[in-house]
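Asks: This one is final39.cif, mmCIF, C-alpha atoms.
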```cif
data_data
#
loop_
_atom_site.label_atom_id
_atom_site.label_comp_id
_atom_site.auth_asym_id
_atom_site.auth_seq_id
_atom_site.Cartn_x
_atom_site.Cartn_y
_atom_site.Cartn_z
CA LYS A 1 0.00 0.00 0.00
CA ILE A 2 2.85 2.38 0.79
CA ILE A 3 4.54 1.69 -2.57
CA GLU A 4 1.29 2.19 -4.47
CA THR A 5 0.42 5.42 -2.64
CA ALA A 6 3.79 7.20 -2.68
CA ARG A 7 4.21 9.56 -5.65
CA ILE A 8 7.82 9.97 -6.70
CA GLU A 9 7.40 13.66 -7.65
CA GLU A 10 5.93 14.43 -4.21
CA VAL A 11 8.60 12.51 -2.30
CA VAL A 12 11.55 13.90 -4.25
CA GLY A 13 9.96 17.37 -4.32
CA GLU A 14 10.42 17.65 -0.55
CA PHE A 15 14.19 17.63 -1.00
CA VAL A 16 14.86 18.86 -4.55
CA THR A 17 13.39 21.80 -6.46
CA LEU A 18 11.92 20.23 -9.60
CA ARG A 19 10.98 21.92 -12.87
CA ARG A 20 8.77 20.55 -15.61
CA ARG A 21 10.43 19.39 -18.84
CA GLY A 22 7.93 17.70 -21.10
CA ALA A 23 6.32 14.73 -19.36
CA ASN A 24 9.12 14.55 -16.78
CA LEU A 25 10.62 16.76 -14.07
CA ILE A 26 14.28 17.74 -13.68
CA GLY A 27 16.43 19.17 -10.90
CA ILE A 28 19.91 19.36 -9.40
CA CYS A 29 20.96 15.90 -8.20
CA PRO A 30 21.18 15.67 -4.38
CA PHE A 31 23.65 12.78 -4.58
CA HIS A 32 26.57 14.41 -6.41
CA LYS A 33 27.86 17.90 -7.19
CA GLU A 34 26.59 19.32 -10.47
CA LYS A 35 25.67 22.67 -11.96
CA THR A 36 23.54 21.50 -14.92
CA PRO A 37 20.46 19.44 -13.91
CA SER A 38 20.80 15.75 -14.77
CA PHE A 39 18.37 14.42 -12.15
CA ASN A 40 15.18 13.16 -13.81
CA VAL A 41 11.84 12.25 -12.23
CA ASN A 42 9.33 10.25 -14.26
CA PRO A 43 5.81 10.52 -12.69
CA ALA A 44 4.30 8.04 -15.17
CA ARG A 45 6.70 5.26 -14.19
CA ASN A 46 6.96 6.56 -10.59
CA ILE A 47 10.78 6.45 -10.60
CA PHE A 48 13.81 8.76 -10.48
CA LYS A 49 17.06 8.53 -12.42
CA CYS A 50 20.23 10.64 -12.35
CA PHE A 51 22.09 10.54 -15.64
CA GLY A 52 25.14 12.02 -13.95
CA CYS A 53 25.85 9.61 -11.07
CA GLY A 54 23.56 6.74 -12.10
CA LYS A 55 21.42 6.50 -8.95
CA ALA A 56 17.85 5.41 -9.70
CA GLY A 57 14.80 3.74 -8.21
CA ASN A 58 11.41 4.34 -6.64
CA SER A 59 10.32 6.47 -3.67
CA ILE A 60 11.64 3.98 -1.11
CA ARG A 61 15.05 3.81 -2.80
CA PHE A 62 15.23 7.62 -2.91
CA ILE A 63 14.57 7.94 0.84
CA MET A 64 17.03 5.14 1.61
CA GLU A 65 19.76 6.84 -0.45
CA HIS A 66 19.03 10.41 0.62
CA GLU A 67 18.53 9.83 4.35
CA HIS A 68 20.73 6.73 4.68
CA TYR A 69 17.73 4.86 6.05
CA SER A 70 17.20 1.13 6.19
CA PHE A 71 14.37 -0.34 4.11
CA ASN A 72 12.08 -0.45 7.16
CA GLU A 73 12.93 3.14 8.15
CA ALA A 74 12.12 4.34 4.63
CA LEU A 75 8.77 2.54 4.74
CA ARG A 76 7.92 4.14 8.08
CA PHE A 77 8.87 7.58 6.76
CA LEU A 78 6.60 7.26 3.71
CA ALA A 79 3.78 5.73 5.75
CA LYS A 80 3.84 8.74 8.05
CA LYS A 81 3.92 11.15 5.10
CA TYR A 82 0.83 9.58 3.50
CA GLY A 83 -1.06 8.84 6.70
CA ILE A 84 -0.83 5.06 6.34
CA LYS A 85 -1.01 3.29 9.68
CA ILE A 86 1.54 0.58 10.32
CA GLU A 87 0.48 -1.91 12.97
CA GLU A 88 3.44 -2.67 15.20
CA ARG A 89 3.55 -4.07 18.69
CA GLU A 90 5.43 -2.10 21.33
CA GLN A 91 9.09 -3.04 21.49
CA THR A 92 10.63 -4.49 24.62
CA PRO A 93 13.78 -2.92 26.13
CA GLU A 94 15.75 -5.87 24.71
CA GLU A 95 14.42 -5.23 21.19
CA ILE A 96 15.19 -1.52 21.45
CA LYS A 97 18.77 -2.40 22.35
CA ALA A 98 19.02 -4.75 19.37
CA GLN A 99 18.05 -2.11 16.76
CA ASN A 100 20.74 -0.95 14.37
CA GLU A 101 22.94 1.89 15.57
CA ARG A 102 21.63 4.74 13.40
CA GLU A 103 18.01 3.87 14.08
CA ARG A 104 18.75 3.67 17.80
CA MET A 105 20.38 7.11 17.71
CA PHE A 106 17.39 8.66 15.91
CA ASN A 107 15.11 6.86 18.33
CA VAL A 108 16.81 8.11 21.50
CA ASN A 109 16.98 11.69 20.18
CA GLY A 110 13.26 11.62 19.44
CA PHE A 111 12.64 10.22 22.90
CA ALA A 112 14.77 12.99 24.44
CA GLN A 113 13.01 15.72 22.49
CA ASN A 114 9.63 14.53 23.75
CA TYR A 115 10.97 14.42 27.30
CA PHE A 116 12.43 17.95 27.16
CA SER A 117 9.27 19.42 25.56
CA ASN A 118 6.92 17.68 27.99
CA THR A 119 9.09 18.66 30.96
CA MET A 120 8.91 22.32 29.98
CA MET A 121 5.19 22.32 29.38
CA THR A 122 3.90 20.08 32.17
CA THR A 123 6.20 20.45 35.21
CA ASP A 124 6.41 23.32 37.67
CA GLU A 125 10.16 23.72 37.14
CA GLY A 126 9.81 23.54 33.37
CA ARG A 127 7.11 26.21 33.22
CA SER A 128 8.70 28.55 35.77
CA VAL A 129 12.23 28.33 34.36
CA GLY A 130 12.31 27.09 30.76
CA LEU A 131 8.97 28.31 29.43
CA ALA A 132 9.33 31.59 31.31
CA TYR A 133 12.69 32.18 29.61
CA PHE A 134 11.24 31.69 26.12
CA HIS A 135 8.27 33.92 26.92
CA GLU A 136 10.61 36.61 28.22
CA ARG A 137 12.49 36.40 24.94
CA GLY A 138 9.21 37.11 23.15
CA PHE A 139 8.53 33.64 21.76
CA ARG A 140 4.91 32.53 21.69
CA ASP A 141 3.72 28.98 22.35
CA ALA A 142 3.01 28.37 18.65
CA ILE A 143 6.66 28.84 17.65
CA ILE A 144 7.86 26.98 20.76
CA ASN A 145 5.75 23.97 19.76
CA LYS A 146 6.66 24.21 16.06
CA PHE A 147 10.40 24.02 16.75
CA GLN A 148 9.86 21.53 19.61
CA LEU A 149 11.79 23.59 22.16
CA GLY A 150 12.22 22.20 25.65
CA TYR A 151 13.94 22.25 29.02
CA CYS A 152 16.17 19.80 30.90
CA PRO A 153 15.70 19.80 34.70
CA GLU A 154 18.42 21.17 36.97
CA SER A 155 18.58 17.82 38.79
CA GLY A 156 21.85 16.18 37.74
CA SER A 157 20.57 12.99 36.07
CA ALA A 158 16.77 13.20 35.85
CA PHE A 159 16.64 12.63 32.09
CA THR A 160 19.33 9.91 32.06
CA ASP A 161 17.57 7.98 34.83
CA TYR A 162 14.25 8.22 32.97
CA ALA A 163 15.79 7.12 29.67
CA MET A 164 17.52 4.12 31.21
CA LYS A 165 14.27 3.04 32.87
CA ASN A 166 12.75 3.07 29.37
CA GLY A 167 15.34 0.71 27.90
CA TYR A 168 18.05 3.06 26.58
CA ASP A 169 21.51 1.99 27.65
CA LYS A 170 24.12 4.30 29.11
CA ASP A 171 26.64 3.90 26.26
CA LEU A 172 24.09 5.03 23.66
CA LEU A 173 23.10 8.07 25.74
CA ILE A 174 26.75 9.06 26.10
CA LYS A 175 27.47 8.48 22.41
CA VAL A 176 24.77 10.88 21.19
CA GLY A 177 25.80 13.44 23.81
CA LEU A 178 22.69 13.41 25.99
CA THR A 179 24.57 12.03 28.98
CA GLY A 180 28.01 12.76 30.37
CA SER A 181 30.25 10.62 32.54
CA TYR A 182 32.80 11.69 35.15
CA GLU A 183 34.56 9.47 37.68
CA ASN A 184 31.99 6.69 37.26
CA ARG A 185 29.17 9.17 37.75
CA ILE A 186 26.66 9.89 34.99
CA TYR A 187 24.82 13.19 34.55
CA ASP A 188 22.62 15.04 32.08
CA ARG A 189 24.81 17.15 29.76
CA TYR A 190 21.98 19.68 29.35
CA HIS A 191 20.81 19.91 32.96
CA GLY A 192 19.41 23.36 33.79
CA ARG A 193 19.39 24.43 30.14
CA VAL A 194 16.70 25.29 27.60
CA ILE A 195 16.83 22.96 24.60
CA PHE A 196 16.88 23.69 20.85
CA PRO A 197 16.40 20.43 18.90
CA ILE A 198 18.20 20.30 15.55
CA HIS A 199 16.32 18.59 12.72
CA ASN A 200 17.46 17.05 9.44
CA LEU A 201 15.65 17.56 6.13
CA THR A 202 13.00 14.97 6.98
CA GLY A 203 12.26 16.43 10.41
CA LYS A 204 14.09 13.83 12.50
CA VAL A 205 15.96 15.17 15.53
CA ILE A 206 19.69 14.65 14.94
CA GLY A 207 21.12 16.77 17.75
CA PHE A 208 20.53 19.46 20.37
CA GLY A 209 21.76 22.85 21.44
CA GLY A 210 21.38 23.65 25.14
CA ARG A 211 21.57 27.23 26.44
CA ILE A 212 22.48 27.92 30.05
CA LEU A 213 20.12 30.19 32.00
CA SER A 214 22.41 31.11 34.89
CA LYS A 215 25.14 33.75 34.56
CA GLU A 216 27.99 31.50 35.72
CA LYS A 217 31.03 32.50 33.68
CA THR A 218 32.73 29.19 34.38
CA LYS A 219 30.13 27.33 32.28
CA ALA A 220 29.75 27.45 28.51
CA LYS A 221 26.78 29.50 27.29
CA TYR A 222 25.86 26.74 24.81
CA VAL A 223 26.43 22.99 24.88
CA ASN A 224 25.91 21.23 21.56
CA SER A 225 25.64 17.60 20.52
CA PRO A 226 28.93 15.95 19.54
CA GLU A 227 29.57 14.71 16.00
CA SER A 228 27.98 11.31 15.42
CA GLU A 229 26.75 8.99 12.69
CA ILE A 230 23.58 11.06 12.37
CA TYR A 231 24.86 14.55 13.27
CA ASN A 232 27.55 16.42 11.38
CA LYS A 233 27.59 20.11 12.22
CA SER A 234 29.21 21.14 8.94
CA GLN A 235 26.38 19.46 6.99
CA THR A 236 23.53 20.85 9.09
CA LEU A 237 21.54 24.07 8.96
CA TYR A 238 19.30 24.98 11.87
CA GLY A 239 15.71 25.41 10.69
CA ILE A 240 16.15 23.87 7.22
CA PHE A 241 13.28 21.42 7.73
CA PHE A 242 10.87 24.27 8.52
CA ALA A 243 12.25 26.65 5.88
CA ARG A 244 12.86 24.52 2.80
CA ASN A 245 9.41 24.86 1.18
CA GLU A 246 9.38 28.63 1.62
CA ILE A 247 12.96 28.91 0.33
CA SER A 248 11.89 27.08 -2.81
CA ARG A 249 8.67 29.11 -3.20
CA LEU A 250 10.40 32.49 -2.79
CA ASP A 251 13.56 31.36 -4.59
CA ASN A 252 15.67 32.94 -1.86
CA CYS A 253 17.31 31.80 1.39
CA ILE A 254 18.02 34.20 4.26
CA LEU A 255 21.08 33.22 6.28
CA VAL A 256 21.42 34.26 9.94
CA GLU A 257 23.73 33.13 12.72
CA GLY A 258 21.80 31.85 15.75
CA TYR A 259 18.83 29.82 16.96
CA ALA A 260 16.93 32.84 18.30
CA ASP A 261 17.36 34.70 15.00
CA VAL A 262 15.64 31.85 13.14
CA LEU A 263 12.82 31.60 15.70
CA SER A 264 12.05 35.33 15.66
CA MET A 265 12.04 35.53 11.86
CA HIS A 266 9.73 32.52 11.54
CA GLN A 267 7.45 33.91 14.24
CA ALA A 268 7.19 37.17 12.27
CA GLY A 269 6.13 35.22 9.17
CA ILE A 270 9.49 35.32 7.36
CA GLU A 271 10.05 31.58 7.03
CA ASN A 272 12.76 31.23 4.35
CA VAL A 273 15.41 31.55 7.08
CA VAL A 274 18.13 29.17 8.32
CA ALA A 275 21.19 29.49 10.54
CA SER A 276 24.67 28.03 10.53
CA SER A 277 24.31 27.71 14.33
CA GLY A 278 27.42 29.60 15.34
CA THR A 279 29.78 27.75 13.01
CA SER A 280 31.53 29.16 9.97
CA LEU A 281 29.52 28.51 6.83
CA THR A 282 30.65 25.34 5.03
CA THR A 283 30.52 24.14 1.44
CA GLU A 284 28.22 21.27 2.48
CA GLN A 285 25.73 23.71 4.00
CA ILE A 286 25.78 25.85 0.86
CA ARG A 287 25.15 22.84 -1.35
CA MET A 288 22.20 21.89 0.83
CA ILE A 289 20.68 25.31 0.12
CA SER A 290 21.38 24.91 -3.61
CA ARG A 291 18.76 22.14 -3.77
CA TYR A 292 16.11 24.82 -3.27
CA THR A 293 17.54 28.10 -4.60
CA LYS A 294 20.63 29.82 -6.00
CA ASN A 295 19.82 33.12 -4.29
CA VAL A 296 21.09 33.91 -0.78
CA THR A 297 20.55 36.96 1.42
CA MET A 298 22.99 37.13 4.31
CA LEU A 299 21.55 38.94 7.33
CA TYR A 300 24.08 40.03 9.92
CA ASP A 301 24.44 42.13 13.05
CA GLY A 302 25.34 45.76 12.43
CA ASP A 303 28.47 45.71 14.59
CA ALA A 304 32.00 45.28 13.26
CA ALA A 305 32.04 41.55 14.02
CA GLY A 306 28.84 41.00 12.04
CA ILE A 307 30.14 42.96 9.05
CA HIS A 308 33.39 41.02 8.88
CA ALA A 309 31.50 37.73 9.33
CA ALA A 310 29.56 38.63 6.19
CA LEU A 311 32.80 39.22 4.30
CA ARG A 312 34.21 35.85 5.38
CA GLY A 313 31.26 33.84 4.14
CA THR A 314 30.76 35.52 0.78
CA ASP A 315 33.48 33.95 -1.38
CA MET A 316 32.49 30.39 -0.50
CA ILE A 317 28.89 31.03 -1.58
CA LEU A 318 29.95 32.79 -4.78
CA GLU A 319 32.16 29.86 -5.72
CA GLU A 320 29.09 27.61 -5.75
CA GLY A 321 27.41 29.86 -8.34
CA PHE A 322 25.01 31.70 -6.00
CA ASN A 323 23.68 35.22 -6.33
CA VAL A 324 24.56 36.85 -3.01
CA ARG A 325 23.01 39.86 -1.32
CA ILE A 326 23.92 41.18 2.11
CA VAL A 327 21.80 43.11 4.60
CA VAL A 328 23.49 44.76 7.58
CA LEU A 329 21.20 45.69 10.45
CA PRO A 330 21.45 48.85 12.57
CA PRO A 331 24.45 48.70 14.97
CA GLU A 332 22.32 48.13 18.05
CA ASP A 333 20.40 45.18 16.58
CA ASP A 334 20.73 41.52 15.70
CA PRO A 335 18.06 39.72 13.61
CA ASP A 336 16.26 38.56 16.77
CA SER A 337 15.90 42.00 18.36
CA PHE A 338 15.31 43.77 15.05
CA VAL A 339 12.33 41.60 14.16
CA GLN A 340 10.86 41.64 17.68
CA ASN A 341 11.16 45.43 18.08
CA ASN A 342 9.74 46.51 14.73
CA PRO A 343 6.48 45.99 12.78
CA ILE A 344 6.71 43.27 10.14
CA GLU A 345 5.97 45.82 7.39
CA TYR A 346 9.03 47.84 8.41
CA VAL A 347 11.21 44.72 8.65
CA THR A 348 10.20 43.55 5.18
CA LYS A 349 10.81 47.00 3.67
CA TYR A 350 14.18 47.29 5.42
CA LEU A 351 15.33 43.92 4.08
CA THR A 352 14.28 44.90 0.55
CA ASP A 353 15.72 48.43 0.61
CA ASN A 354 19.04 47.54 2.26
CA ALA A 355 19.94 44.34 0.39
CA LYS A 356 23.19 45.06 -1.47
CA ASP A 357 24.95 42.80 -3.91
CA PHE A 358 28.26 41.53 -2.60
CA ILE A 359 30.49 43.78 -4.73
CA SER A 360 28.78 46.96 -3.53
CA PHE A 361 28.89 45.79 0.06
CA LYS A 362 32.52 44.65 0.01
CA THR A 363 33.64 47.75 -1.87
CA ASN A 364 31.96 50.08 0.60
CA VAL A 365 33.37 48.28 3.64
CA LEU A 366 36.93 47.94 2.38
CA LEU A 367 37.17 51.46 0.94
CA LYS A 368 35.79 52.89 4.17
CA ASP A 369 38.59 51.09 6.02
CA ALA A 370 41.19 52.27 3.49
CA GLN A 371 39.95 55.89 3.39
CA ASN A 372 42.67 57.96 1.65
CA ASP A 373 45.52 55.50 2.09
CA PRO A 374 46.59 54.39 -1.45
CA ILE A 375 48.30 51.24 -0.16
CA LYS A 376 45.19 50.12 1.71
CA LYS A 377 43.05 50.98 -1.33
CA ALA A 378 45.24 48.82 -3.58
CA ALA A 379 44.96 45.95 -1.10
CA ALA A 380 41.16 46.41 -1.00
CA ILE A 381 40.95 46.26 -4.80
CA LYS A 382 42.95 43.01 -4.84
CA GLU A 383 40.64 41.52 -2.21
CA ILE A 384 37.56 42.48 -4.22
CA LEU A 385 39.08 40.96 -7.37
CA GLN A 386 39.81 37.78 -5.42
CA SER A 387 36.08 37.47 -4.69
CA ILE A 388 35.17 38.12 -8.34
CA SER A 389 37.65 35.46 -9.47
CA VAL A 390 35.80 32.65 -7.67
CA ILE A 391 32.55 33.32 -9.58
CA PRO A 392 32.18 30.46 -12.10
CA ASP A 393 30.09 32.39 -14.65
CA PRO A 394 32.25 34.65 -16.92
CA ILE A 395 29.29 36.92 -17.70
CA TYR A 396 28.81 37.69 -14.03
CA ARG A 397 32.53 38.27 -13.63
CA THR A 398 32.54 40.78 -16.49
CA THR A 399 29.50 42.59 -15.09
CA TYR A 400 31.15 42.94 -11.70
CA ILE A 401 34.37 44.20 -13.26
CA LYS A 402 32.42 46.99 -14.96
CA GLU A 403 30.71 47.90 -11.70
CA CYS A 404 34.01 47.73 -9.83
CA SER A 405 35.67 50.01 -12.38
CA ARG A 406 33.01 52.63 -11.94
CA THR A 407 32.98 52.46 -8.14
CA LEU A 408 36.74 52.30 -7.60
CA ASP A 409 37.68 54.73 -10.37
CA VAL A 410 40.06 52.20 -11.95
CA THR A 411 40.02 51.33 -15.67
CA GLU A 412 38.29 48.14 -16.72
CA GLN A 413 41.39 46.95 -18.56
CA THR A 414 43.56 47.28 -15.45
CA LEU A 415 41.06 45.31 -13.38
CA MET A 416 40.65 42.70 -16.11
CA ASN A 417 44.42 42.22 -16.32
CA GLU A 418 44.61 41.62 -12.58
CA LEU A 419 41.60 39.31 -12.69
CA ASN A 420 43.20 37.25 -15.44
CA LYS A 421 46.33 36.84 -13.34
CA LEU A 422 44.18 35.30 -10.62
CA LEU A 423 42.37 33.08 -13.12
CA ARG A 424 45.68 31.91 -14.61
CA ALA A 425 46.96 31.03 -11.12
CA LYS A 426 43.79 29.03 -10.39
CA TYR A 427 44.05 27.28 -13.74
CA LYS A 428 47.68 26.35 -13.14
CA LYS A 429 46.77 25.01 -9.71
CA SER A 430 43.98 22.86 -11.19
CA LEU A 431 46.54 21.34 -13.60
CA GLY A 432 49.11 20.82 -10.87
CA ILE A 433 51.50 23.37 -12.44
CA GLU A 434 53.81 25.33 -10.15
CA PRO A 435 53.14 29.10 -10.10
CA THR A 436 56.54 29.77 -11.72
CA GLN A 437 55.83 27.41 -14.64
CA GLN A 438 54.38 28.68 -17.90
CA LEU A 439 51.02 27.57 -19.22
CA PRO A 440 51.01 25.67 -22.53
CA GLN A 441 50.29 27.68 -25.65
CA GLU A 442 46.60 28.44 -26.12
CA SER A 443 46.39 26.13 -29.15
CA GLU A 444 47.65 23.27 -27.00
CA VAL A 445 44.96 23.72 -24.34
CA THR A 446 41.67 22.08 -25.20
CA SER A 447 40.01 22.04 -21.78
CA PRO A 448 36.74 24.02 -21.73
CA GLN A 449 37.65 25.06 -18.15
CA GLN A 450 40.48 27.32 -19.35
CA PRO A 451 39.78 30.97 -18.52
CA THR A 452 39.37 33.42 -21.37
CA ILE A 453 42.50 35.57 -21.44
CA PRO A 454 42.56 38.70 -23.63
#
```
Could you express the structure from this file as structure tokens?

Replies:
Amino acid sequence: KIIETARIEEVVGEFVTLRRRGANLIGICPFHKEKTPSFNVNPARNIFKCFGCGKAGNSIRFIMEHEHYSFNEALRFLAKKYGIKIEEREQTPEEIKAQNERERMFNVNGFAQNYFSNTMMTTDEGRSVGLAYFHERGFRDAIINKFQLGYCPESGSAFTDYAMKNGYDKDLLIKVGLTGSYENRIYDRYHGRVIFPIHNLTGKVIGFGGRILSKEKTKAKYVNSPESEIYNKSQTLYGIFFARNEISRLDNCILVEGYADVLSMHQAGIENVVASSGTSLTTEQIRMISRYTKNVTMLYDGDAAGIHAALRGTDMILEEGFNVRIVVLPPEDDPDSFVQNNPIEYVTKYLTDNAKDFISFKTNVLLKDAQNDPIKKAAAIKEILQSISVIPDPIYRTTYIKECSRTLDVTEQTLMNELNKLLRAKYKKSLGIEPTQQLPQESEVTSPQQPTIP
């Protein structure tokens, strides 16, 4: 029944932006890096096929490949999606222990999320400490429930004791980072903290972020889940499960830095928002976004740290062929406070009016720092050209050179000569040629990847 009910275009469409081409649908393959769509979905035959990497199959195979699920896990996922009830008897503690490792890790994280959410909503300590904190931050119950926020009791091992009584062994709890161990004593790693569950693209909880509520400087403000078989920080974006459909619909992804920024934006009705969760943006995170859009708006704090964070992340996104815009908030604000302190109409207008393409933003910042110092200005120009050089599309590169020439008051030819030096160096590196070596004559080079050199 699951196989007959599942529609391949609906299942794949949750993870890949598909466009109609004749009777079929095409998109960027989620299984290998590509710039030209070779991923094909055939609704009539109810199958997918990538002509680039060769992966193919039905809805179950797609979920197994994409989420690294077992056959049974994929069936359960699709059954839940289509409202098909699977009759299963309740597992004994021994059977829970015998499940495969990945499934057990997903299982215990889901169990923990339910515990943290229920604790916050139904216990005196949870309501007076955890829920009160979120309300003080301006978050309403609807957004708290949507993102499955929670609270871990202050008592040292309340969650661990409860989990072990329900059949979860100590080693598993330690492995996923829910429990800590010190001198033969076990304790809850998140005790006394509010909890931000981190979801994968299918909505499964793969990790947690726990924020301390006391002002003890000896303790870390945030404790996050360790790397595991199901959680890799560099491949995860906070909020992607809740944002992906809106990112695809609006053809734009807004990037912020923290959990609270995502929550406030979603609460205000701006739902195409994700966060890198305090880590530097990675290529894997950017490629995850590319499944839904090639347009990114980076939203950063208005202080110096926020501005320079925006500069650091830009080149990596450009290199993946994205169109990048940057919005810098007023100096006293971060995305969380800005959205909570202003009407949504003003926020929307501000984002639209203040979104600058990367070249304008970087030029303004670097020239402001250089002021009238010619040495600093020359260094700024080289840094801007470095960013332009990573753009894969030559038409975009040329357009930015023209804009740069006008803004910097430097001739196009001069900028183009410097850009071509950078492109030559990259080309040599790709061929394994030392910087001091000469390139072959143009007639000897047949690779379509060679840069055009006037």

Asks: Record the distance separating CA of Asp357 (chain A) and CA of Glu383 (chain A), expressed in Å with one decimal.

Replies: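 Interatomic distance, CA of Asp357 (chain A) to CA of Glu383 (chain A): 15.8 Å.
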
Asks: Evaluate the PyMOL selection byres ((chain A and resi 223) around 10) on the structure here and hand back the selected residues as a list in words.

Replies: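 When the PyMOL selection byres ((chain A and resi 223) around 10) is applied, the selected residues are Gly177, Arg189, Tyr190, Arg193, Ile195, Phe208, Gly209, Gly210, Arg211, Ile212, Lys219, Ala220, Lys221, Tyr222, Asn224, Ser225 and Pro226 of chain A.
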
Asks: Report as JSON lines: every residue of region 100-154 of chain A with an atom at most 12 Å from region 258-262 of chain A, its closest pair of atoms, and their distance in Å to one decimal, counting only C-alpha atoms, with rows sorted by chain and ascending residue number.

Replies:
```
{"residue": "A:Phe134", "atom": "CA", "partner": "A:Ala260", "partner_atom": "CA", "distance": 9.7}
{"residue": "A:Arg137", "atom": "CA", "partner": "A:Ala260", "partner_atom": "CA", "distance": 8.7}
{"residue": "A:Gly138", "atom": "CA", "partner": "A:Ala260", "partner_atom": "CA", "distance": 10.1}
{"residue": "A:Phe139", "atom": "CA", "partner": "A:Ala260", "partner_atom": "CA", "distance": 9.1}
{"residue": "A:Ile143", "atom": "CA", "partner": "A:Val262", "partner_atom": "CA", "distance": 10.5}
{"residue": "A:Ile144", "atom": "CA", "partner": "A:Ala260", "partner_atom": "CA", "distance": 11.1}
{"residue": "A:Phe147", "atom": "CA", "partner": "A:Val262", "partner_atom": "CA", "distance": 10.1}
{"residue": "A:Leu149", "atom": "CA", "partner": "A:Tyr259", "partner_atom": "CA", "distance": 10.7}
```

Asks: Taking the file as shown, what set of residues would the PyMOL selection byres ((chain A and resi 403) around 12) give back, as a PyMOL selection string?

Replies: chain A and resi 357-360+363+384-385+388+396-402+404-412+415

Asks: Using the file's own x, y and z axes, what box holds all listed atoms of region 240-248 of chain A with 4 Å on each side, keeping edges along x, y and z, and what are its centre and edge lengths in Å to one decimal, as AutoDock Vina command-line options?

Replies:
```
--center_x 12.8 --center_y 25.2 --center_z 2.9 --size_x 14.8 --size_y 15.5 --size_z 19.3
```

Asks: Starting from the PyMOL selection byres ((chain A and resi 344) around 12), expand the selection into actual residues of this file and give them as number ranges by chain.

Replies: A: 264-270, 338-343, 345-351

Asks: Mind pulling up the distance from CA of Glu216 (chain A) to CA of Gly126 (chain A)?

Replies: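 Computing the Euclidean distance for CA of Gly126 (chain A) and CA of Glu216 (chain A) yields 20.0 Å.
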
Asks: Between A:Thr282, A:Gln148, A:Thr36, A:Thr218, which is the closest to Gly239 (chain A) once you count all atoms listed in the file?

Replies: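 Between A:Thr282, A:Gln148, A:Thr36, A:Thr218, the residue approaching Gly239 (chain A) most closely is A:Gln148.
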
Asks: Need the shell around Lys81 (chain A): protein/DNA/RNA residues with any atom at most 10 Å away, counting all atoms listed in the file. Skip same-chain ones fewer than 6 positions apart. Format as a PyMOL selection string?

Replies: chain A and resi 2+6+11+75

Asks: Kindly give the distance, in Å, that separates CA of Ile63 (chain A) and CA of Glu4 (chain A), rounded to a single decimal.

Replies: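 Spanning CA of Ile63 (chain A) to CA of Glu4 (chain A) is a straight-line distance of 15.4 Å.
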
Asks: I'd like the neighbourhood of Lys85 (chain A) as a list in words, where a residue qualifies if any of its atoms comes within 10 Å (using all atoms listed in the file), though same-chain residues fewer than 4 positions away should be ignored.

Replies: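 My reading of the contact set: Ile2, Arg76, Ala79 and Lys80 of chain A.
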
Asks: Env of Phe62 (chain A): 9 Å cut, atoms = all atoms listed in the file, seq-sep filter 6 positions within chain, self excluded. Answer as a list of chain:residue names.

Replies: A:Ile8, A:Val11, A:Val12, A:Ile47, A:Phe48, A:Lys55, A:Ala56, A:Ala74

Asks: Measuring between all atoms listed in the file, which one of A:Ala355, A:Ile174, A:Cys53, A:Ile240 shows the shortest distance to Gly203 (chain A)?

Replies: A:Ile240

Asks: Find the residues near Glu14 (chain A): any atom within 9 Å, counting only C-alpha atoms, skip ones fewer than 3 places away on the same chain, and give them as an NGL selection string.

Replies: :A and (9-11 or 17 or 201-202 or 244-245)

Asks: From the list A:Gly27, A:Gly167, A:Gly54, A:Gly180, which residue is nearest Arg104 (chain A) when using all atoms listed in the file?

Replies: A:Gly167

Asks: Can you find the residues with an atom no farther than 12 Å from (37.0, 45.1, -0.4), counting all atoms listed in the file, and report them as a ChimeraX atom specification?

Replies: /A:307-308,310-312,314-315,358-371,376-388,404,407-408

Asks: Please produce a file of those selected residues containing C-alpha atoms, as a short mmCIF file (atom, residue, chain, number, x, y, z; two decimals), keeping the file's coordinate frame.

Replies:
```
data_model
loop_
_atom_site.label_atom_id
_atom_site.label_comp_id
_atom_site.auth_asym_id
_atom_site.auth_seq_id
_atom_site.Cartn_x
_atom_site.Cartn_y
_atom_site.Cartn_z
CA ILE A 307 30.14 42.96 9.05
CA HIS A 308 33.39 41.02 8.88
CA ALA A 310 29.56 38.63 6.19
CA LEU A 311 32.80 39.22 4.30
CA ARG A 312 34.21 35.85 5.38
CA THR A 314 30.76 35.52 0.78
CA ASP A 315 33.48 33.95 -1.38
CA PHE A 358 28.26 41.53 -2.60
CA ILE A 359 30.49 43.78 -4.73
CA SER A 360 28.78 46.96 -3.53
CA PHE A 361 28.89 45.79 0.06
CA LYS A 362 32.52 44.65 0.01
CA THR A 363 33.64 47.75 -1.87
CA ASN A 364 31.96 50.08 0.60
CA VAL A 365 33.37 48.28 3.64
CA LEU A 366 36.93 47.94 2.38
CA LEU A 367 37.17 51.46 0.94
CA LYS A 368 35.79 52.89 4.17
CA ASP A 369 38.59 51.09 6.02
CA ALA A 370 41.19 52.27 3.49
CA GLN A 371 39.95 55.89 3.39
CA LYS A 376 45.19 50.12 1.71
CA LYS A 377 43.05 50.98 -1.33
CA ALA A 378 45.24 48.82 -3.58
CA ALA A 379 44.96 45.95 -1.10
CA ALA A 380 41.16 46.41 -1.00
CA ILE A 381 40.95 46.26 -4.80
CA LYS A 382 42.95 43.01 -4.84
CA GLU A 383 40.64 41.52 -2.21
CA ILE A 384 37.56 42.48 -4.22
CA LEU A 385 39.08 40.96 -7.37
CA GLN A 386 39.81 37.78 -5.42
CA SER A 387 36.08 37.47 -4.69
CA ILE A 388 35.17 38.12 -8.34
CA CYS A 404 34.01 47.73 -9.83
CA THR A 407 32.98 52.46 -8.14
CA LEU A 408 36.74 52.30 -7.60
#
```
